[in-house]
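Dumped start31.tsv below, it's TSV, C-alpha atoms:
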```tsv
chain	number	residue	atom	x	y	z
A	10	MET	CA	120.51	-96.79	6.33
A	11	ALA	CA	122.66	-97.79	3.39
A	12	ASP	CA	122.81	-94.10	2.57
A	13	MET	CA	123.96	-93.39	6.12
A	14	ALA	CA	126.70	-95.99	5.70
A	15	THR	CA	127.87	-94.72	2.34
A	16	ASN	CA	127.86	-91.08	3.50
A	17	ASP	CA	129.93	-91.96	6.58
A	18	GLN	CA	132.38	-93.89	4.44
A	19	LYS	CA	132.79	-90.99	2.02
A	20	LYS	CA	133.81	-88.77	4.94
A	21	ARG	CA	136.41	-91.33	6.03
A	22	GLU	CA	137.80	-91.52	2.51
A	23	GLN	CA	138.19	-87.75	2.44
A	24	ASP	CA	140.12	-87.98	5.70
A	25	GLY	CA	142.39	-90.64	4.21
A	26	SER	CA	141.29	-93.26	6.72
A	27	THR	CA	140.47	-96.19	4.41
A	28	ASP	CA	143.90	-97.24	3.24
A	29	MET	CA	143.06	-100.86	3.98
A	30	ALA	CA	140.54	-100.81	1.16
A	31	GLU	CA	143.33	-100.25	-1.34
A	32	LYS	CA	145.43	-103.22	-0.27
A	33	PRO	CA	145.55	-106.23	-2.61
A	34	GLN	CA	142.81	-108.67	-1.77
A	35	LYS	CA	143.46	-112.35	-1.19
A	36	LYS	CA	140.84	-114.39	-3.00
A	37	GLN	CA	139.43	-117.54	-1.44
A	38	ASN	CA	138.60	-119.62	-4.51
A	39	ARG	CA	138.84	-123.08	-3.02
A	40	THR	CA	135.53	-124.75	-2.16
A	41	LEU	CA	135.70	-126.41	1.23
A	42	THR	CA	134.09	-129.77	1.97
A	43	VAL	CA	134.15	-132.24	4.85
A	44	ASP	CA	137.15	-133.80	3.10
A	45	SER	CA	139.19	-130.59	3.05
A	46	LEU	CA	142.39	-130.46	5.07
A	47	ALA	CA	141.97	-129.18	8.62
A	48	ALA	CA	144.58	-126.49	7.96
A	49	ASP	CA	142.57	-125.23	4.98
A	50	ILE	CA	139.39	-124.97	7.04
A	51	CYS	CA	141.27	-123.12	9.78
A	52	ALA	CA	142.76	-120.75	7.21
A	53	ALA	CA	139.28	-120.05	5.81
A	54	PHE	CA	138.01	-119.19	9.29
A	55	PHE	CA	140.89	-116.79	9.80
A	56	ALA	CA	140.35	-115.11	6.43
A	57	SER	CA	136.63	-114.68	7.12
A	58	MET	CA	137.28	-113.07	10.52
A	59	ASP	CA	140.09	-110.77	9.39
A	60	LEU	CA	137.63	-108.18	8.13
A	61	ASP	CA	140.12	-105.45	7.27
A	62	GLY	CA	142.60	-107.86	5.67
A	63	ASN	CA	145.59	-106.69	7.72
A	64	GLY	CA	146.72	-110.20	8.68
A	65	PHE	CA	145.45	-110.07	12.27
A	66	ILE	CA	142.20	-110.78	14.09
A	67	GLU	CA	141.44	-107.91	16.46
A	68	GLU	CA	138.93	-107.30	19.22
A	69	SER	CA	136.55	-105.19	17.12
A	70	GLU	CA	136.39	-107.87	14.43
A	71	VAL	CA	135.54	-110.68	16.85
A	72	LYS	CA	132.86	-108.56	18.52
A	73	ILE	CA	131.31	-107.64	15.17
A	74	ILE	CA	131.25	-111.25	13.96
A	75	SER	CA	129.81	-112.45	17.27
A	76	VAL	CA	126.90	-110.06	16.86
A	77	VAL	CA	126.38	-110.32	13.09
A	78	ALA	CA	126.97	-114.04	12.52
A	79	PHE	CA	125.95	-115.58	15.85
A	80	ASN	CA	123.48	-112.99	17.18
A	81	GLU	CA	125.34	-112.79	20.49
A	82	GLY	CA	125.02	-109.98	22.98
A	83	GLU	CA	127.88	-107.67	23.94
A	84	ASP	CA	128.86	-109.66	27.05
A	85	ALA	CA	129.07	-112.92	25.10
A	86	ALA	CA	131.11	-111.21	22.38
A	87	ILE	CA	133.58	-109.89	24.97
A	88	ARG	CA	133.91	-113.35	26.53
A	89	ARG	CA	134.57	-114.86	23.11
A	90	TRP	CA	137.38	-112.37	22.47
A	91	GLN	CA	138.93	-112.82	25.92
A	92	THR	CA	138.94	-116.59	25.49
A	93	MET	CA	140.57	-116.32	22.07
A	94	LEU	CA	143.25	-113.97	23.40
A	95	ALA	CA	144.03	-116.24	26.35
A	96	ASP	CA	144.27	-119.29	24.11
A	97	MET	CA	145.95	-117.94	20.98
A	98	ASP	CA	147.83	-114.69	21.58
A	99	GLU	CA	151.30	-116.15	22.14
A	100	ASN	CA	153.26	-112.89	21.92
A	101	LYS	CA	150.71	-110.93	24.01
A	102	ASP	CA	150.26	-108.10	21.51
A	103	LYS	CA	146.46	-108.10	21.90
A	104	MET	CA	146.01	-109.37	18.35
A	105	ILE	CA	145.89	-112.85	16.83
A	106	SER	CA	148.06	-113.50	13.81
A	107	ARG	CA	147.30	-116.07	11.13
A	108	ASP	CA	150.08	-118.35	12.41
A	109	GLU	CA	148.89	-118.09	16.03
A	110	TYR	CA	145.32	-118.84	15.03
A	111	ILE	CA	146.01	-121.85	12.79
A	112	SER	CA	148.71	-123.25	15.09
A	113	TRP	CA	146.43	-123.21	18.13
A	114	TRP	CA	143.48	-124.65	16.29
A	115	VAL	CA	145.35	-127.50	14.63
A	116	ASN	CA	147.23	-128.39	17.83
A	117	HIS	CA	144.08	-128.42	19.97
A	118	THR	CA	141.89	-130.46	17.62
A	119	GLN	CA	144.17	-133.47	17.15
A	120	ASP	CA	141.55	-135.72	18.73
A	121	LYS	CA	139.12	-134.71	15.99
A	122	MET	CA	141.57	-135.22	13.15
A	123	LYS	CA	142.22	-138.24	10.94
A	124	PRO	CA	145.79	-139.39	10.15
A	125	ASN	CA	145.53	-137.75	6.73
A	126	GLY	CA	145.06	-134.27	8.26
A	127	VAL	CA	141.30	-134.12	7.66
A	128	PHE	CA	138.79	-133.47	10.42
A	129	VAL	CA	136.43	-136.32	11.29
A	130	GLU	CA	133.25	-135.92	9.27
A	131	GLY	CA	130.86	-134.77	12.00
A	132	TYR	CA	133.25	-132.13	13.29
A	133	ALA	CA	134.10	-130.95	9.78
A	134	ALA	CA	130.39	-130.54	8.99
A	135	TYR	CA	129.87	-128.56	12.20
A	136	LEU	CA	132.78	-126.23	11.38
A	137	LEU	CA	131.57	-125.66	7.84
A	138	LYS	CA	128.15	-124.65	9.17
A	139	CYS	CA	129.80	-122.15	11.51
A	140	LEU	CA	131.92	-120.84	8.65
A	141	GLN	CA	128.84	-120.47	6.49
A	142	ARG	CA	127.26	-118.27	9.15
A	143	ILE	CA	130.32	-116.03	9.26
A	144	THR	CA	130.44	-115.73	5.47
A	145	SER	CA	126.67	-115.44	5.01
A	146	VAL	CA	127.11	-111.75	4.20
A	147	LYS	CA	130.21	-112.27	2.08
A	148	THR	CA	128.97	-110.73	-1.17
A	149	ALA	CA	127.69	-107.21	-1.69
A	150	THR	CA	124.21	-108.54	-2.45
A	151	GLU	CA	124.12	-110.61	0.74
A	152	MET	CA	125.34	-107.64	2.78
A	153	CYS	CA	122.62	-105.48	1.24
A	154	ASP	CA	119.97	-108.09	2.12
A	155	ALA	CA	121.28	-108.30	5.69
A	156	PHE	CA	120.94	-104.53	6.14
A	157	PHE	CA	117.42	-104.52	4.71
A	158	GLU	CA	116.27	-107.43	6.85
A	159	SER	CA	117.73	-105.83	9.99
A	160	MET	CA	115.53	-102.79	9.44
A	161	ASP	CA	112.38	-104.54	8.17
A	162	GLU	CA	110.94	-105.16	11.65
A	163	ASN	CA	107.75	-106.90	10.55
A	164	SER	CA	109.38	-108.76	7.63
A	165	ASP	CA	106.78	-107.57	5.12
A	166	GLY	CA	109.36	-106.71	2.45
A	167	PHE	CA	109.12	-102.94	2.88
A	168	LEU	CA	110.80	-100.28	4.98
A	169	VAL	CA	108.43	-97.65	6.39
A	170	GLU	CA	109.00	-94.48	8.35
A	171	THR	CA	108.52	-95.95	11.83
A	172	GLU	CA	110.99	-98.78	11.17
A	173	VAL	CA	113.75	-96.53	9.86
A	174	LYS	CA	113.26	-93.97	12.63
A	175	ASN	CA	113.27	-96.68	15.29
A	176	ILE	CA	116.52	-98.23	14.08
A	177	ALA	CA	118.14	-94.79	13.71
A	178	LYS	CA	117.34	-94.13	17.38
A	179	TRP	CA	118.05	-97.55	18.87
A	180	ALA	CA	121.10	-98.52	16.82
A	181	PHE	CA	122.76	-95.16	16.16
A	182	GLY	CA	121.50	-92.99	19.00
A	183	ALA	CA	119.82	-90.47	16.70
A	184	LYS	CA	117.49	-87.86	18.17
A	185	ASP	CA	113.96	-87.43	16.78
A	186	ASP	CA	114.93	-84.74	14.26
A	187	ALA	CA	117.94	-86.70	13.00
A	188	ALA	CA	115.92	-89.92	12.74
A	189	LYS	CA	113.27	-88.08	10.73
A	190	ALA	CA	115.94	-86.58	8.48
A	191	THR	CA	117.35	-90.06	7.83
A	192	TRP	CA	113.95	-91.28	6.69
A	193	VAL	CA	113.34	-88.21	4.48
A	194	ASP	CA	116.74	-88.69	2.84
A	195	MET	CA	116.14	-92.39	2.18
A	196	ILE	CA	112.64	-91.81	0.78
A	197	GLU	CA	113.90	-89.10	-1.59
A	198	LYS	CA	116.71	-91.30	-2.92
A	199	MET	CA	115.18	-94.79	-2.90
A	200	ASP	CA	111.39	-94.54	-3.27
A	201	THR	CA	111.25	-94.64	-7.07
A	202	ASN	CA	107.51	-95.37	-7.30
A	203	LYS	CA	106.60	-92.70	-4.72
A	204	ASP	CA	104.45	-94.97	-2.51
A	205	LYS	CA	106.03	-93.63	0.70
A	206	LYS	CA	107.80	-96.90	1.49
A	207	ILE	CA	110.97	-98.62	0.32
A	208	SER	CA	110.83	-102.09	-1.20
A	209	ARG	CA	113.70	-104.55	-1.07
A	210	GLU	CA	114.28	-103.99	-4.79
A	211	GLU	CA	114.38	-100.20	-4.45
A	212	TYR	CA	116.76	-100.46	-1.50
A	213	SER	CA	119.01	-102.95	-3.27
A	214	ASN	CA	119.11	-100.95	-6.52
A	215	TYR	CA	120.18	-97.81	-4.69
A	216	TRP	CA	122.72	-99.65	-2.53
A	217	MET	CA	124.38	-101.47	-5.43
A	218	SER	CA	124.52	-98.30	-7.51
A	219	GLU	CA	126.10	-96.27	-4.69
A	220	THR	CA	128.71	-98.90	-3.80
A	221	LYS	CA	129.61	-100.33	-7.22
A	222	GLY	CA	133.06	-98.75	-7.09
A	223	LYS	CA	133.88	-100.79	-3.97
A	224	ILE	CA	132.75	-104.19	-5.29
A	225	GLN	CA	135.43	-106.57	-6.52
A	226	SER	CA	135.16	-108.94	-9.49
A	227	ASP	CA	134.15	-111.81	-7.16
A	228	GLY	CA	131.15	-109.84	-5.88
A	229	THR	CA	132.64	-109.00	-2.48
A	230	PHE	CA	133.44	-105.58	-1.06
A	231	VAL	CA	137.03	-104.43	-0.72
A	232	ASN	CA	138.29	-105.20	2.78
A	233	GLY	CA	138.26	-101.69	4.25
A	234	TYR	CA	134.68	-101.06	3.19
A	235	LYS	CA	133.62	-104.57	4.20
A	236	ALA	CA	134.91	-103.99	7.74
A	237	PHE	CA	133.13	-100.63	7.87
A	238	LEU	CA	129.80	-102.18	6.81
A	239	PHE	CA	130.18	-105.09	9.23
A	240	SER	CA	130.52	-102.58	12.08
A	241	LYS	CA	127.36	-100.78	10.92
A	242	LEU	CA	125.48	-104.07	10.63
A	243	ALA	CA	126.57	-105.05	14.13
A	244	LYS	CA	125.12	-101.78	15.45
A	245	LEU	CA	121.87	-102.48	13.62
A	246	LYS	CA	121.56	-105.93	15.17
A	247	ALA	CA	122.48	-104.64	18.62
A	248	GLY	CA	119.79	-101.97	18.23
A	249	GLN	CA	117.30	-104.65	17.27
A	250	ARG	CA	118.15	-106.59	20.40
A	251	ARG	CA	117.71	-103.54	22.63
A	252	GLN	CA	114.30	-102.85	21.11
A	253	GLU	CA	113.22	-106.44	21.71
A	254	GLN	CA	114.44	-106.38	25.30
A	255	VAL	CA	112.58	-103.15	26.07
A	256	LYS	CA	109.44	-104.50	24.41
A	257	MET	CA	109.62	-107.70	26.47
A	258	TRP	CA	110.19	-105.68	29.64
A	259	ASN	CA	107.26	-103.39	28.92
A	260	GLU	CA	104.98	-106.32	28.18
A	261	ALA	CA	106.04	-108.13	31.35
A	262	TYR	CA	105.74	-104.97	33.43
A	263	GLY	CA	102.33	-104.23	31.96
A	264	GLU	CA	101.11	-107.72	32.79
A	265	THR	CA	102.40	-107.37	36.33
A	266	LYS	CA	100.55	-104.07	36.80
A	267	LYS	CA	97.31	-105.60	35.50
A	268	GLU	CA	97.57	-108.39	38.04
```
In structure tokens, how does this file's structure come out?
Amino acid sequence: MADMATNDQKKREQDGSTDMAEKPQKKQNRTLTVDSLAADICAAFFASMDLDGNGFIEESEVKIISVVAFNEGEDAAIRRWQTMLADMDENKDKMISRDEYISWWVNHTQDKMKPNGVFVEGYAAYLLKCLQRITSVKTATEMCDAFFESMDENSDGFLVETEVKNIAKWAFGAKDDAAKATWVDMIEKMDTNKDKKISREEYSNYWMSETKGKIQSDGTFVNGYKAFLFSKLAKLKAGQRRQEQVKMWNEAYGETKKE
């Protein structure tokens, strides 16, 4: 599936549609703690949610983060975005700027803030945990692991044909022939020891080799590519959820029929 992602991205680059990836990247070098200023924590949240680095949080970004970081369904993701728009979008342009985001957050958390501009410890710890979930796939290595784990249905450390074909169908709507072709392509490129399955190491080695030109010195992907991969990962997780729901339905229906 990494190959699917990189191939799709190459097509977009040929079409000139990844200009965001070439924009200067703002580095977040400051380590946040429970003693960090509230404004700094808010700014870190904004930076982590602005996936394409254009200075605004948009609907697609909130939906992707809701699915990837918080494992929410589509309805919950939509509600999250609608609530944010209603609360923060002062100029009604259907986007949330950095100023709008930080201003709303700081103004509406005064009761959780100390006189020195620091959040009370319990609330600060809670926010940092939420931030950690959003940034859990910050680096290229973490993103690679997230993709692998989303496809490794039985968590045995290997990708096999049925798993890859299932996720191709459920997450990306591939037909049988296309799903099979995805597996054949991945096996040919990643299965270095020819055991007809793909280990985490084989997957990671191929991924990192294919994407090395898009990895910055701090280990993160350039913003345009990061946003692209987040959207793919969101589809993977949504496909996982659909599979689980169908499985639960079939099991429940089967039990009902037996009775």
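Taking all atoms listed in the file into account, A:Val173 lies nearest to A:Gln249 out of the set A:Cys139, A:Asp44, A:Glu130, A:Gln249.
Between atom CA of A:Asp84 and atom CA of A:Thr148 the separation is 28.2 Å.
Rounded to one decimal, atom CA of A:Asn63 and atom CA of A:Leu242 lie 20.5 Å from each other.
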Listed atoms of stretch 101-110 of chain A boxed along x, y and z, 4 Å each side, centre and edge lengths in Å, one decimal, as AutoDock Vina command-line options:
```
--center_x 148.0 --center_y -113.5 --center_z 17.6 --size_x 13.4 --size_y 18.7 --size_z 20.9
```
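With all atoms listed in the file as the atoms that count, the residue of A:Lys101, A:Asp154, A:Phe55, A:Ser75 with the shortest distance to A:Met217 is A:Asp154.
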For atom CA of A:Ile176 and atom CA of A:Gly248, the interatomic separation in Å (one decimal): 6.5 Å
Near A:Tyr212, counting all atoms listed in the file, which residues have an atom at most 9 Å away, once you skip same-chain residues fewer than 6 positions from it, shown as a PDB file with C-alpha atoms, in the frame of the given file?
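Below is the file that was written, selection_21.pdb:
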```pdb
ATOM      1  CA  ALA A  11     122.660 -97.790   3.390  1.00  0.00           C
ATOM      2  CA  CYS A 153     122.620-105.480   1.240  1.00  0.00           C
ATOM      3  CA  PHE A 157     117.420-104.520   4.710  1.00  0.00           C
ATOM      4  CA  LEU A 168     110.800-100.280   4.980  1.00  0.00           C
ATOM      5  CA  MET A 195     116.140 -92.390   2.180  1.00  0.00           C
ATOM      6  CA  MET A 199     115.180 -94.790  -2.900  1.00  0.00           C
ATOM      7  CA  ASP A 200     111.390 -94.540  -3.270  1.00  0.00           C
TER       8      ASP A 200
END
```
So that I can check the surroundings of A:Glu68, please list as a list of chain:residue names every protein, DNA and RNA residue that reaches within 9 Å of it, counting all atoms listed in the file and ignoring chain neighbours fewer than 4 positions away. A:Lys72, A:Ile73, A:Ile87, A:Trp90, A:Gln91, A:Leu94, A:Lys103, A:Met104
